[in-house]
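**Student:** This one is protein-v5.cif, mmCIF, C-alpha atoms.
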data_model
#
loop_
_atom_site.group_PDB
_atom_site.id
_atom_site.type_symbol
_atom_site.label_atom_id
_atom_site.label_comp_id
_atom_site.auth_asym_id
_atom_site.auth_seq_id
_atom_site.Cartn_x
_atom_site.Cartn_y
_atom_site.Cartn_z
ATOM 1 C CA MET A 1 5.088 22.784 -113.304
ATOM 2 C CA SER A 2 6.740 22.375 -109.973
ATOM 3 C CA VAL A 3 3.884 22.629 -107.515
ATOM 4 C CA ILE A 4 4.444 19.992 -104.905
ATOM 5 C CA GLU A 5 1.240 18.349 -103.784
ATOM 6 C CA GLN A 6 1.853 15.242 -101.667
ATOM 7 C CA PRO A 7 4.131 14.533 -99.983
ATOM 8 C CA ARG A 8 5.178 17.984 -98.973
ATOM 9 C CA LEU A 9 8.666 19.152 -99.624
ATOM 10 C CA GLU A 10 9.212 19.436 -95.884
ATOM 11 C CA HIS A 11 12.894 20.174 -95.765
ATOM 12 C CA GLU A 12 14.393 20.112 -99.205
ATOM 13 C CA VAL A 13 14.759 23.812 -99.647
ATOM 14 C CA THR A 14 17.562 25.875 -100.976
ATOM 15 C CA LEU A 15 19.992 27.660 -98.745
ATOM 16 C CA VAL A 16 19.001 30.959 -100.332
ATOM 17 C CA GLU A 17 15.422 30.321 -99.322
ATOM 18 C CA LEU A 18 16.534 29.585 -95.780
ATOM 19 C CA VAL A 19 18.847 32.559 -95.483
ATOM 20 C CA ASP A 20 16.147 34.819 -96.876
ATOM 21 C CA ARG A 21 13.904 33.829 -93.975
ATOM 22 C CA VAL A 22 16.183 33.038 -91.059
ATOM 23 C CA LEU A 23 18.443 36.072 -91.411
ATOM 24 C CA ASN A 24 15.907 38.510 -92.744
ATOM 25 C CA LYS A 25 12.573 37.713 -91.094
ATOM 26 C CA GLY A 26 11.258 36.879 -87.697
ATOM 27 C CA VAL A 27 11.003 39.027 -84.613
ATOM 28 C CA VAL A 28 14.034 41.252 -84.170
ATOM 29 C CA LEU A 29 14.923 41.633 -80.523
ATOM 30 C CA THR A 30 17.501 44.213 -79.697
ATOM 31 C CA GLY A 31 18.335 46.143 -76.605
ATOM 32 C CA ASP A 32 18.513 43.259 -74.194
ATOM 33 C CA ILE A 33 20.438 40.792 -76.294
ATOM 34 C CA MET A 34 24.138 40.615 -75.772
ATOM 35 C CA LEU A 35 24.991 40.174 -79.409
ATOM 36 C CA SER A 36 26.526 43.336 -80.767
ATOM 37 C CA VAL A 37 25.913 42.248 -84.361
ATOM 38 C CA ALA A 38 22.191 42.708 -83.723
ATOM 39 C CA GLY A 39 22.363 45.908 -85.700
ATOM 40 C CA VAL A 40 24.314 44.310 -88.525
ATOM 41 C CA ASP A 41 22.388 43.704 -91.694
ATOM 42 C CA LEU A 42 22.415 39.937 -91.375
ATOM 43 C CA VAL A 43 20.759 39.312 -94.662
ATOM 44 C CA TYR A 44 23.482 41.267 -96.370
ATOM 45 C CA VAL A 45 26.123 39.254 -94.552
ATOM 46 C CA GLY A 46 24.400 35.991 -95.410
ATOM 47 C CA LEU A 47 23.868 36.832 -99.035
ATOM 48 C CA ARG A 48 27.428 38.026 -99.405
ATOM 49 C CA VAL A 49 28.649 34.680 -98.102
ATOM 50 C CA LEU A 50 26.323 32.890 -100.480
ATOM 51 C CA LEU A 51 27.408 35.000 -103.430
ATOM 52 C CA THR A 52 31.018 34.223 -102.642
ATOM 53 C CA SER A 53 30.219 30.550 -102.593
ATOM 54 C CA VAL A 54 28.225 30.734 -105.823
ATOM 55 C CA SER A 55 31.124 32.353 -107.640
ATOM 56 C CA ALA A 56 33.507 29.844 -106.053
ATOM 57 C CA LEU A 57 31.329 27.047 -107.406
ATOM 58 C CA GLU A 58 31.358 28.598 -110.818
ATOM 59 C CA GLU A 59 35.111 28.850 -110.788
ATOM 60 C CA GLN A 60 35.287 25.139 -110.079
ATOM 61 C CA ARG A 61 33.291 24.303 -113.176
ATOM 62 C CA MET B 1 35.665 41.053 -70.772
ATOM 63 C CA ILE B 2 37.676 37.842 -71.064
ATOM 64 C CA GLU B 3 35.325 34.877 -71.256
ATOM 65 C CA SER B 4 36.376 31.543 -69.902
ATOM 66 C CA PRO B 5 36.655 28.957 -72.665
ATOM 67 C CA THR B 6 33.726 27.052 -71.233
ATOM 68 C CA ALA B 7 31.450 30.068 -70.797
ATOM 69 C CA THR B 8 28.040 29.725 -72.413
ATOM 70 C CA ALA B 9 25.071 31.821 -73.405
ATOM 71 C CA TRP B 10 21.501 31.091 -74.500
ATOM 72 C CA TYR B 11 20.473 31.250 -78.117
ATOM 73 C CA VAL B 12 16.723 31.808 -78.492
ATOM 74 C CA TYR B 13 15.020 30.496 -81.644
ATOM 75 C CA GLY B 14 11.453 31.487 -81.056
ATOM 76 C CA VAL B 15 8.616 31.749 -78.578
ATOM 77 C CA VAL B 16 5.827 29.226 -77.983
ATOM 78 C CA ALA B 17 3.128 28.571 -75.444
ATOM 79 C CA ALA B 18 4.624 26.959 -72.346
ATOM 80 C CA ASP B 19 2.727 23.693 -72.893
ATOM 81 C CA ALA B 20 4.623 22.945 -76.118
ATOM 82 C CA ARG B 21 6.908 19.912 -76.089
ATOM 83 C CA PRO B 22 10.466 20.642 -77.195
ATOM 84 C CA PRO B 23 12.721 18.287 -79.188
ATOM 85 C CA ASP B 24 15.775 16.975 -77.340
ATOM 86 C CA ALA B 25 18.242 19.481 -78.722
ATOM 87 C CA VAL B 26 16.621 22.487 -77.062
ATOM 88 C CA ARG B 27 14.899 23.416 -73.822
ATOM 89 C CA LEU B 28 12.030 25.684 -73.002
ATOM 90 C CA ILE B 29 12.665 28.613 -70.689
ATOM 91 C CA GLU B 30 9.249 29.385 -69.306
ATOM 92 C CA HIS B 31 7.749 32.494 -67.908
ATOM 93 C CA ASP B 32 4.082 32.982 -67.105
ATOM 94 C CA GLY B 33 2.596 30.729 -69.785
ATOM 95 C CA LEU B 34 5.120 31.642 -72.473
ATOM 96 C CA ALA B 35 8.294 29.753 -73.316
ATOM 97 C CA ALA B 36 11.441 30.655 -75.171
ATOM 98 C CA ILE B 37 12.887 27.858 -77.285
ATOM 99 C CA ALA B 38 16.529 28.017 -76.280
ATOM 100 C CA ARG B 39 19.820 26.232 -76.575
ATOM 101 C CA GLU B 40 22.926 26.699 -74.472
ATOM 102 C CA VAL B 41 25.744 27.687 -76.792
ATOM 103 C CA PRO B 42 29.472 28.213 -76.204
ATOM 104 C CA LEU B 43 30.606 31.824 -76.146
ATOM 105 C CA ALA B 44 33.760 30.656 -77.897
ATOM 106 C CA GLU B 45 31.496 30.273 -80.918
ATOM 107 C CA PHE B 46 28.668 32.753 -80.329
ATOM 108 C CA GLY B 47 30.386 35.517 -78.381
ATOM 109 C CA GLU B 48 30.151 39.008 -79.810
ATOM 110 C CA ASP B 49 33.853 39.101 -80.585
ATOM 111 C CA VAL B 50 33.813 35.951 -82.714
ATOM 112 C CA LEU B 51 30.348 35.928 -84.215
ATOM 113 C CA PRO B 52 31.035 38.477 -86.974
ATOM 114 C CA LEU B 53 33.813 36.190 -88.204
ATOM 115 C CA ARG B 54 31.551 33.172 -88.020
ATOM 116 C CA LEU B 55 28.973 34.908 -90.134
ATOM 117 C CA ASN B 56 31.512 35.040 -92.944
ATOM 118 C CA ASP B 57 32.179 31.335 -92.698
ATOM 119 C CA ARG B 58 29.858 29.682 -95.144
ATOM 120 C CA GLU B 59 29.881 26.258 -93.528
ATOM 121 C CA TRP B 60 29.201 27.676 -90.095
ATOM 122 C CA LEU B 61 26.456 29.936 -91.376
ATOM 123 C CA GLU B 62 24.838 27.155 -93.351
ATOM 124 C CA ALA B 63 24.835 24.769 -90.392
ATOM 125 C CA ASN B 64 23.419 27.350 -88.016
ATOM 126 C CA VAL B 65 20.810 28.725 -90.383
ATOM 127 C CA LEU B 66 19.663 25.144 -90.974
ATOM 128 C CA ALA B 67 19.619 24.452 -87.236
ATOM 129 C CA HIS B 68 17.495 27.555 -86.667
ATOM 130 C CA GLU B 69 14.979 26.352 -89.228
ATOM 131 C CA ASP B 70 15.051 22.755 -87.943
ATOM 132 C CA VAL B 71 14.310 23.783 -84.382
ATOM 133 C CA LEU B 72 11.409 26.042 -85.360
ATOM 134 C CA HIS B 73 10.113 23.386 -87.740
ATOM 135 C CA ALA B 74 9.623 21.018 -84.821
ATOM 136 C CA PHE B 75 6.995 23.429 -83.448
ATOM 137 C CA LEU B 76 4.955 23.802 -86.644
ATOM 138 C CA ASP B 77 2.050 21.857 -85.230
ATOM 139 C CA THR B 78 1.772 23.836 -82.048
ATOM 140 C CA GLY B 79 2.417 27.319 -83.356
ATOM 141 C CA VAL B 80 5.587 29.320 -82.964
ATOM 142 C CA VAL B 81 6.691 32.945 -83.185
ATOM 143 C CA PRO B 82 10.046 32.840 -85.001
ATOM 144 C CA LEU B 83 12.850 35.129 -83.879
ATOM 145 C CA ARG B 84 15.413 36.369 -86.304
ATOM 146 C CA PHE B 85 18.790 34.623 -86.255
ATOM 147 C CA GLY B 86 21.132 35.665 -83.484
ATOM 148 C CA ALA B 87 19.097 36.457 -80.372
ATOM 149 C CA ILE B 88 21.630 35.497 -77.710
ATOM 150 C CA TYR B 89 21.207 36.031 -73.965
ATOM 151 C CA ARG B 90 23.752 35.814 -71.213
ATOM 152 C CA ASP B 91 21.680 33.573 -68.947
ATOM 153 C CA THR B 92 18.221 32.086 -68.498
ATOM 154 C CA ARG B 93 17.230 34.891 -66.135
ATOM 155 C CA GLU B 94 17.681 37.393 -68.978
ATOM 156 C CA VAL B 95 15.562 35.247 -71.245
ATOM 157 C CA GLU B 96 12.801 35.259 -68.626
ATOM 158 C CA ARG B 97 13.054 39.028 -68.339
ATOM 159 C CA MET B 98 12.689 39.327 -72.112
ATOM 160 C CA LEU B 99 9.529 37.180 -72.031
ATOM 161 C CA GLU B 100 8.125 39.280 -69.231
ATOM 162 C CA ALA B 101 8.887 42.591 -70.932
ATOM 163 C CA ARG B 102 7.295 41.473 -74.232
ATOM 164 C CA SER B 103 4.570 39.302 -72.821
ATOM 165 C CA ALA B 104 1.685 41.143 -74.511
ATOM 166 C CA PHE B 105 3.435 41.122 -77.874
ATOM 167 C CA PHE B 106 4.175 37.394 -77.822
ATOM 168 C CA ARG B 107 0.735 36.494 -76.519
ATOM 169 C CA SER B 108 -1.043 38.297 -79.326
ATOM 170 C CA ALA B 109 1.424 36.930 -81.883
ATOM 171 C CA LEU B 110 0.714 33.383 -80.697
ATOM 172 C CA VAL B 111 -3.016 33.929 -80.941
ATOM 173 C CA ARG B 112 -2.539 34.977 -84.557
ATOM 174 C CA LEU B 113 0.005 32.315 -85.566
ATOM 175 C CA ARG B 114 -1.113 29.275 -83.608
ATOM 176 C CA GLY B 115 -2.082 26.474 -85.989
ATOM 177 C CA HIS B 116 -0.758 28.391 -88.971
ATOM 178 C CA VAL B 117 2.197 27.908 -91.274
ATOM 179 C CA GLU B 118 3.778 29.847 -94.074
ATOM 180 C CA LEU B 119 3.918 28.720 -97.697
ATOM 181 C CA GLY B 120 6.367 30.229 -100.155
ATOM 182 C CA VAL B 121 5.260 30.896 -103.717
ATOM 183 C CA LYS B 122 7.678 31.908 -106.413
ATOM 184 C CA ALA B 123 7.130 32.434 -110.087
ATOM 185 C CA TRP B 124 9.717 32.212 -112.828
ATOM 186 C CA LEU B 125 9.656 33.668 -116.278
ATOM 187 C CA VAL B 126 11.038 30.749 -118.210
ATOM 188 C CA THR B 127 13.254 31.814 -121.070
ATOM 189 C CA PRO B 128 11.963 30.360 -124.313
ATOM 190 C CA ALA B 129 14.373 28.469 -126.507
ATOM 191 C CA ASP B 130 15.900 30.685 -129.170
ATOM 192 C CA PRO B 131 13.812 30.551 -132.325
ATOM 193 C CA PRO B 132 15.572 28.656 -135.083
ATOM 194 C CA ALA B 133 17.807 30.854 -137.162
ATOM 195 C CA SER B 134 15.850 32.470 -139.912
ATOM 196 C CA SER B 135 15.940 30.466 -143.078
ATOM 197 C CA SER B 136 15.598 33.550 -145.189
ATOM 198 C CA PRO B 137 18.766 33.828 -147.160
ATOM 199 C CA ALA B 138 21.108 36.766 -147.264
ATOM 200 C CA VAL B 139 19.769 38.834 -144.444
ATOM 201 C CA GLY B 140 20.481 42.453 -145.059
ATOM 202 C CA GLY B 141 21.087 45.073 -142.403
ATOM 203 C CA ARG B 142 17.549 46.295 -142.518
ATOM 204 C CA ALA B 143 16.049 42.818 -142.151
ATOM 205 C CA TYR B 144 18.356 42.178 -139.236
ATOM 206 C CA LEU B 145 17.230 45.323 -137.457
ATOM 207 C CA GLU B 146 13.598 44.468 -138.015
ATOM 208 C CA ARG B 147 14.046 40.992 -136.642
ATOM 209 C CA ARG B 148 15.922 42.322 -133.639
ATOM 210 C CA ARG B 149 13.157 44.836 -132.988
ATOM 211 C CA ASP B 150 10.549 42.084 -133.159
ATOM 212 C CA GLN B 151 12.506 40.011 -130.652
ATOM 213 C CA LEU B 152 12.720 42.897 -128.200
ATOM 214 C CA THR B 153 9.039 43.620 -128.572
ATOM 215 C CA ALA B 154 8.215 39.968 -127.959
ATOM 216 C CA ALA B 155 10.403 39.907 -124.837
ATOM 217 C CA ARG B 156 8.763 43.043 -123.466
ATOM 218 C CA GLU B 157 5.315 41.618 -124.096
ATOM 219 C CA ARG B 158 6.238 38.403 -122.295
ATOM 220 C CA VAL B 159 7.269 40.394 -119.231
ATOM 221 C CA GLU B 160 4.056 42.411 -119.368
ATOM 222 C CA ARG B 161 1.919 39.277 -119.599
ATOM 223 C CA ALA B 162 3.901 37.656 -116.778
ATOM 224 C CA THR B 163 3.279 40.708 -114.590
ATOM 225 C CA VAL B 164 -0.452 40.382 -115.141
ATOM 226 C CA ILE B 165 -0.408 36.629 -114.461
ATOM 227 C CA VAL B 166 1.559 37.068 -111.254
ATOM 228 C CA ALA B 167 -0.667 39.883 -109.984
ATOM 229 C CA ASP B 168 -3.734 37.767 -110.705
ATOM 230 C CA ALA B 169 -2.181 34.776 -108.909
ATOM 231 C CA HIS B 170 -1.413 36.888 -105.838
ATOM 232 C CA ARG B 171 -4.985 38.183 -105.734
ATOM 233 C CA ARG B 172 -6.398 34.643 -105.946
ATOM 234 C CA LEU B 173 -3.978 33.317 -103.343
ATOM 235 C CA LEU B 174 -4.922 36.104 -100.931
ATOM 236 C CA GLU B 175 -8.529 34.948 -101.250
ATOM 237 C CA VAL B 176 -7.675 31.473 -99.958
ATOM 238 C CA ALA B 177 -4.946 32.428 -97.484
ATOM 239 C CA VAL B 178 -5.174 34.181 -94.129
ATOM 240 C CA ASP B 179 -2.569 36.736 -95.186
ATOM 241 C CA GLY B 180 0.129 37.242 -97.771
ATOM 242 C CA VAL B 181 3.242 39.301 -98.408
ATOM 243 C CA VAL B 182 5.171 39.997 -101.571
ATOM 244 C CA ASN B 183 8.939 40.176 -101.176
ATOM 245 C CA ARG B 184 11.507 41.382 -103.641
ATOM 246 C CA PRO B 185 12.425 38.720 -106.210
ATOM 247 C CA GLN B 186 15.851 37.212 -105.701
ATOM 248 C CA PRO B 187 18.495 38.005 -108.315
ATOM 249 C CA PRO B 188 19.784 35.267 -110.627
ATOM 250 C CA GLU B 189 23.214 35.401 -108.946
ATOM 251 C CA LEU B 190 21.542 33.938 -105.870
ATOM 252 C CA THR B 191 18.967 31.620 -107.361
ATOM 253 C CA GLY B 192 21.467 30.092 -109.726
ATOM 254 C CA ARG B 193 18.764 29.990 -112.414
ATOM 255 C CA SER B 194 18.925 31.841 -115.684
ATOM 256 C CA ASP B 195 15.150 32.275 -115.556
ATOM 257 C CA GLU B 196 14.034 35.549 -114.052
ATOM 258 C CA MET B 197 12.156 35.373 -110.750
ATOM 259 C CA VAL B 198 9.007 37.436 -111.203
ATOM 260 C CA MET B 199 7.285 36.675 -107.894
ATOM 261 C CA ASN B 200 8.597 35.959 -104.403
ATOM 262 C CA ALA B 201 5.647 35.780 -102.057
ATOM 263 C CA ALA B 202 4.634 34.078 -98.819
ATOM 264 C CA TYR B 203 1.177 33.158 -97.547
ATOM 265 C CA LEU B 204 -0.097 32.385 -94.088
ATOM 266 C CA VAL B 205 -2.444 29.384 -94.054
ATOM 267 C CA ARG B 206 -3.895 26.965 -91.559
ATOM 268 C CA ARG B 207 -1.617 23.950 -91.115
ATOM 269 C CA GLY B 208 -2.671 21.306 -93.636
ATOM 270 C CA ASP B 209 -4.719 23.669 -95.768
ATOM 271 C CA GLU B 210 -4.188 22.692 -99.411
ATOM 272 C CA ALA B 211 -6.024 25.618 -100.983
ATOM 273 C CA VAL B 212 -2.855 27.423 -102.059
ATOM 274 C CA ALA B 213 -1.538 24.298 -103.812
ATOM 275 C CA ARG B 214 -4.925 23.754 -105.482
ATOM 276 C CA THR B 215 -5.094 27.354 -106.658
ATOM 277 C CA LEU B 216 -1.604 27.149 -108.153
ATOM 278 C CA ALA B 217 -2.409 23.844 -109.814
ATOM 279 C CA ARG B 218 -5.454 25.467 -111.428
ATOM 280 C CA LEU B 219 -3.436 28.441 -112.654
ATOM 281 C CA ALA B 220 -0.547 26.335 -113.905
ATOM 282 C CA PRO B 221 -1.673 25.230 -117.375
ATOM 283 C CA SER B 222 -2.508 28.684 -118.714
ATOM 284 C CA SER B 223 0.521 30.259 -116.974
ATOM 285 C CA VAL B 224 2.949 27.739 -118.406
ATOM 286 C CA ASP B 225 1.700 28.600 -121.872
ATOM 287 C CA GLU B 226 2.809 32.155 -121.179
ATOM 288 C CA GLY B 227 6.190 31.064 -119.868
ATOM 289 C CA VAL B 228 5.381 31.530 -116.161
ATOM 290 C CA GLU B 229 6.155 28.664 -113.792
ATOM 291 C CA PHE B 230 5.043 28.632 -110.169
ATOM 292 C CA GLU B 231 6.951 26.978 -107.370
ATOM 293 C CA LEU B 232 5.563 26.176 -103.946
ATOM 294 C CA THR B 233 7.772 25.702 -100.887
ATOM 295 C CA GLY B 234 7.022 24.930 -97.296
ATOM 296 C CA PRO B 235 5.386 24.583 -94.934
ATOM 297 C CA TRP B 236 7.594 27.059 -93.102
ATOM 298 C CA PRO B 237 7.414 28.524 -89.640
ATOM 299 C CA PRO B 238 5.632 31.854 -90.169
ATOM 300 C CA TYR B 239 8.787 33.973 -90.493
ATOM 301 C CA ASN B 240 7.088 36.484 -92.774
ATOM 302 C CA PHE B 241 4.065 36.971 -90.523
ATOM 303 C CA VAL B 242 5.388 38.025 -87.162
ATOM 304 C CA PRO B 243 3.409 41.090 -86.149
ATOM 305 C CA ALA B 244 5.144 44.413 -86.411
ATOM 306 C CA ASP B 245 5.631 45.832 -82.951
ATOM 307 C CA GLU B 246 7.730 48.802 -82.028
ATOM 308 C CA GLU B 247 8.279 47.479 -78.550
ATOM 309 C CA ALA B 248 9.573 44.153 -79.851
ATOM 310 C CA SER B 249 11.603 45.504 -82.684
ATOM 311 C CA ARG B 250 13.432 48.250 -80.823
#
Can I see the file as structure tokens?
**Tutor:**
Amino acid sequence: MSVIEQPRLEHEVTLVELVDRVLNKGVVLTGDIMLSVAGVDLVYVGLRVLLTSVSALEEQR
Amino acid sequence: MIESPTATAWYVYGVVAADARPPDAVRLIEHDGLAAIAREVPLAEFGEDVLPLRLNDREWLEANVLAHEDVLHAFLDTGVVPLRFGAIYRDTREVERMLEARSAFFRSALVRLRGHVELGVKAWLVTPADPPASSSPAVGGRAYLERRRDQLTAARERVERATVIVADAHRRLLEVAVDGVVNRPQPPELTGRSDEMVMNAAYLVRRGDEAVARTLARLAPSSVDEGVEFELTGPWPPYNFVPADEEASR
């Protein structure tokens, strides 16, 4: 059972959890932003980086 | 265009009401009662020619994804509309224009999200320990096949029971939350766990509301018996609950 009651787990979250939200969710503003990667699938980019690092970690074991 | 090495742009993390108080690292760019949470960033790092490379740099990505979350987290008490990573504007005037153009969208989003946070709920189907090797001597081919068939049947039934448990949990959580969404479970390559993720949901609740935690705690004993473990994360800025809006998303 890993329900956290008190104190809250304010910031100890996994990177996957973060990437899932920060790169994948939130309001997407395009058109007026200067960033040309706006159309890039950021979550794909982020997850690919994570996957690379996961396999790198496994190779180290 | 060749940028000077000291050229900067403005990275916008989210939108709040203009009376919010920002942490030191960022400033508020205000327009007509709304404010963009922004930070001046070097184009040498965030320019469109270099950013795609940065996104493939794990350390850079990790630091900046964390920074995005940290900044928004500082506004949990006041209410914040999170933007997705990577909203970068050339100057503060352009940020003001963005606020003006999407004023109605951000105002209604703030009304909905003010005082609310997101909680993450995941469920795992915990793999049972392998049953001890059968003590029956001299297992023939037929006995082997029967045992194998029983194992597969048991595994399928566990998944079916887990599906029912998770659906029931989601229904109960929706009763105590303002809203909820179910996202696709993350694959084991990402979670790093051998257990299968069978639920990846998020709920919008009033800041400080413990009803989701209480509901999960009530469900836990019977779920654990069936091999289902719940995990609660947060509170998060309400990433999963920004209103859909064609005007804002196009």
**Student:** The PyMOL selection byres ((chain B) within 7 of (chain A)) on the file shown: which residues, as a ChimeraX atom specification?
**Tutor:** /B:48,52,55-56,58,65,82-85,87-90,189-190,213,217,220,229-235,239-240,242,248-250
**Student:** So how far away is atom CA of B:Gly79 from atom CA of B:Ala35, in Å?
**Tutor:**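 Interatomic distance here is 11.9 Å.
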**Student:** Mind pulling up the distance from atom CA of B:Tyr203 to atom CA of B:Val159?
**Tutor:** 23.7 Å
**Student:** Would you compute the distance between atom CA of B:Gly33 and atom CA of B:Asp19? Give it in Å to one decimal.
**Tutor:** 7.7 Å
**Student:** Between B:Val164, B:Met197, B:Val224, B:Val26, which is the closest to B:Arg184 once you count only C-alpha atoms?
**Tutor:**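 Once distances to B:Arg184 are computed over only C-alpha atoms, the minimum belongs to B:Met197.
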**Student:** Name the residues captured by the PyMOL selection byres ((chain B and resi 107) around 12) when it is applied to the shown file; answer as a ChimeraX atom specification.
**Tutor:** /B:15-18,31-35,79-81,99-106,108-114,242-243
